[in-house]
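Asks: Supplied in structure tokens, the structure appears directly below.
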Amino acid sequence: MTRRTPRADALTCEVVELLGEVVRRYHDDYDRAAADYALTGAQARVLALLAYGPTPMRRLADRLKCEPSNVTGIVDRLVARGLVERRADEADRRVKLAAATAEGLRTATELRDSLGDFAREPLGRLAETDRRALRDLLHRMLDGGTEPAAL
């Protein structure tokens, strides 16, 4: 038996459309910024993820919602540019980690700092209390109702 999902009200549909537009603009902005570094959007997103630390290839694929073979190709191109290196995981030598090099970390930081046409500036026009409220609402939406820890 299939469970029937109730039809969304007009407000919910509008919010979903607005979220979709935010995501589209984010990816467009990311792709433009990546092109300034002769990177594809996917390469830039991998580099951004690796800025947080060495990451197993499978986790990168999960985060990017793509096949591991796609991540292998992306990482291969980043390795060829000297932005990423592969390492064995010290805890499990069978696991291959991708890690940003010093040049990769610098590039990831510069790339992140160059983003903002669509979000940073408009968000900056909101009062801090509004930005906090938006952050908290997004956390509640994504985390199933749990409030984020105070920053």
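Numbering starts fresh at 1 for the residues of each chain in the structure tokens, the chains themselves are lettered A, B, ... in the order given, and ligands are numbered from 1 as they appear.
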If you count only C-alpha atoms, which residues fall within 12 Å of Thr40 in chain A, apart from same-chain ones fewer than 3 positions away, as a list in words?
Replies: His27, Asp28, Asp29, Tyr30, Asp31, Arg32, Ala33, Ala34, Ala35, Asp36, Tyr37, Gln43, Ala44, Arg45, Val46, Leu47, Ile74, Val75, Arg77, Leu78 and Leu111 of chain A
Asks: If we count only C-alpha atoms and set the cut-off at 10 Å, which residues sit around Ala51 in chain A, ignoring sequence neighbours fewer than 2 positions away in its own chain? Please answer as a ChimeraX atom specification.
Replies: /A:45-49,53-55,99-102,104-109
Asks: Emit the selected residues as a PDB file, in the first residue's frame, including N, CA, C and O atoms.
Replies:
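Written out: selection-v2.pdb:
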ATOM      1  N   ARG A  45      34.035  22.075  -5.474  1.00  0.00           N
ATOM      2  CA  ARG A  45      33.298  21.547  -4.312  1.00  0.00           C
ATOM      3  C   ARG A  45      34.115  20.472  -3.591  1.00  0.00           C
ATOM      4  O   ARG A  45      34.125  20.412  -2.364  1.00  0.00           O
ATOM      5  N   VAL A  46      34.810  19.617  -4.348  1.00  0.00           N
ATOM      6  CA  VAL A  46      35.681  18.616  -3.711  1.00  0.00           C
ATOM      7  C   VAL A  46      36.778  19.321  -2.923  1.00  0.00           C
ATOM      8  O   VAL A  46      37.052  18.986  -1.775  1.00  0.00           O
ATOM      9  N   LEU A  47      37.387  20.309  -3.517  1.00  0.00           N
ATOM     10  CA  LEU A  47      38.451  21.053  -2.839  1.00  0.00           C
ATOM     11  C   LEU A  47      37.912  21.712  -1.561  1.00  0.00           C
ATOM     12  O   LEU A  47      38.576  21.689  -0.521  1.00  0.00           O
ATOM     13  N   ALA A  48      36.716  22.259  -1.632  1.00  0.00           N
ATOM     14  CA  ALA A  48      36.108  22.880  -0.445  1.00  0.00           C
ATOM     15  C   ALA A  48      35.872  21.843   0.652  1.00  0.00           C
ATOM     16  O   ALA A  48      36.127  22.115   1.828  1.00  0.00           O
ATOM     17  N   LEU A  49      35.411  20.672   0.284  1.00  0.00           N
ATOM     18  CA  LEU A  49      35.207  19.611   1.281  1.00  0.00           C
ATOM     19  C   LEU A  49      36.530  19.180   1.901  1.00  0.00           C
ATOM     20  O   LEU A  49      36.617  18.936   3.108  1.00  0.00           O
ATOM     21  N   GLY A  53      39.619  18.745   5.961  1.00  0.00           N
ATOM     22  CA  GLY A  53      40.519  17.676   6.357  1.00  0.00           C
ATOM     23  C   GLY A  53      40.464  16.524   5.382  1.00  0.00           C
ATOM     24  O   GLY A  53      39.564  16.442   4.539  1.00  0.00           O
ATOM     25  N   PRO A  54      41.439  15.625   5.474  1.00  0.00           N
ATOM     26  CA  PRO A  54      41.465  14.450   4.590  1.00  0.00           C
ATOM     27  C   PRO A  54      40.158  13.669   4.713  1.00  0.00           C
ATOM     28  O   PRO A  54      39.614  13.521   5.805  1.00  0.00           O
ATOM     29  N   THR A  55      39.670  13.209   3.562  1.00  0.00           N
ATOM     30  CA  THR A  55      38.352  12.571   3.516  1.00  0.00           C
ATOM     31  C   THR A  55      38.411  11.319   2.656  1.00  0.00           C
ATOM     32  O   THR A  55      39.009  11.346   1.577  1.00  0.00           O
ATOM     33  N   ALA A  99      43.346  14.391   0.248  1.00  0.00           N
ATOM     34  CA  ALA A  99      43.714  15.489   1.141  1.00  0.00           C
ATOM     35  C   ALA A  99      44.190  16.672   0.310  1.00  0.00           C
ATOM     36  O   ALA A  99      44.919  16.503  -0.673  1.00  0.00           O
ATOM     37  N   ALA A 100      43.763  17.860   0.709  1.00  0.00           N
ATOM     38  CA  ALA A 100      44.216  19.069   0.029  1.00  0.00           C
ATOM     39  C   ALA A 100      45.677  19.315   0.370  1.00  0.00           C
ATOM     40  O   ALA A 100      46.103  19.125   1.509  1.00  0.00           O
ATOM     41  N   THR A 101      46.453  19.705  -0.622  1.00  0.00           N
ATOM     42  CA  THR A 101      47.839  20.129  -0.390  1.00  0.00           C
ATOM     43  C   THR A 101      47.789  21.566   0.149  1.00  0.00           C
ATOM     44  O   THR A 101      46.726  22.193   0.208  1.00  0.00           O
ATOM     45  N   ALA A 102      48.956  22.093   0.498  1.00  0.00           N
ATOM     46  CA  ALA A 102      49.013  23.494   0.949  1.00  0.00           C
ATOM     47  C   ALA A 102      48.467  24.419  -0.143  1.00  0.00           C
ATOM     48  O   ALA A 102      47.698  25.343   0.139  1.00  0.00           O
ATOM     49  N   GLY A 104      46.333  23.551  -2.442  1.00  0.00           N
ATOM     50  CA  GLY A 104      44.893  23.277  -2.510  1.00  0.00           C
ATOM     51  C   GLY A 104      44.126  24.009  -1.430  1.00  0.00           C
ATOM     52  O   GLY A 104      43.037  24.550  -1.679  1.00  0.00           O
ATOM     53  N   LEU A 105      44.684  24.047  -0.218  1.00  0.00           N
ATOM     54  CA  LEU A 105      44.036  24.784   0.883  1.00  0.00           C
ATOM     55  C   LEU A 105      43.987  26.275   0.579  1.00  0.00           C
ATOM     56  O   LEU A 105      42.967  26.938   0.819  1.00  0.00           O
ATOM     57  N   ARG A 106      45.076  26.806   0.037  1.00  0.00           N
ATOM     58  CA  ARG A 106      45.102  28.227  -0.323  1.00  0.00           C
ATOM     59  C   ARG A 106      44.045  28.521  -1.387  1.00  0.00           C
ATOM     60  O   ARG A 106      43.284  29.480  -1.284  1.00  0.00           O
ATOM     61  N   THR A 107      43.980  27.667  -2.396  1.00  0.00           N
ATOM     62  CA  THR A 107      43.010  27.850  -3.472  1.00  0.00           C
ATOM     63  C   THR A 107      41.587  27.738  -2.940  1.00  0.00           C
ATOM     64  O   THR A 107      40.719  28.547  -3.289  1.00  0.00           O
ATOM     65  N   ALA A 108      41.334  26.758  -2.078  1.00  0.00           N
ATOM     66  CA  ALA A 108      39.994  26.589  -1.507  1.00  0.00           C
ATOM     67  C   ALA A 108      39.579  27.819  -0.701  1.00  0.00           C
ATOM     68  O   ALA A 108      38.431  28.273  -0.785  1.00  0.00           O
ATOM     69  N   THR A 109      40.516  28.375   0.060  1.00  0.00           N
ATOM     70  CA  THR A 109      40.224  29.569   0.861  1.00  0.00           C
ATOM     71  C   THR A 109      39.935  30.765  -0.037  1.00  0.00           C
ATOM     72  O   THR A 109      38.950  31.483   0.171  1.00  0.00           O
TER      73      THR A 109
END
Asks: Have a look at A:Lys96, A:Arg140, A:Arg132, A:Arg24 and name the one nearest to Arg59 in chain A; count only C-alpha atoms.
Replies: A:Lys96
Asks: For CA of Leu18 in chain A and CA of Asp62 in chain A, determine how far apart the two atoms are, in Å to one decimal place.
Replies: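 Separation between CA of Leu18 in chain A and CA of Asp62 in chain A: 25.0 Å.
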Asks: Just list the residues in chain A DSSP gives strand (DSSP E or B) on the backbone, as number ranges by chain.
Replies: A: 55-56, 84-88, 96-100
Asks: As a PyMOL selection string, please: all residues of range 6-150 of chain A that backbone DSSP puts in helix (DSSP H, G or I).
Replies: chain A and resi 10-35+41-50+57-64+68-80+102-114+120-124+128-143
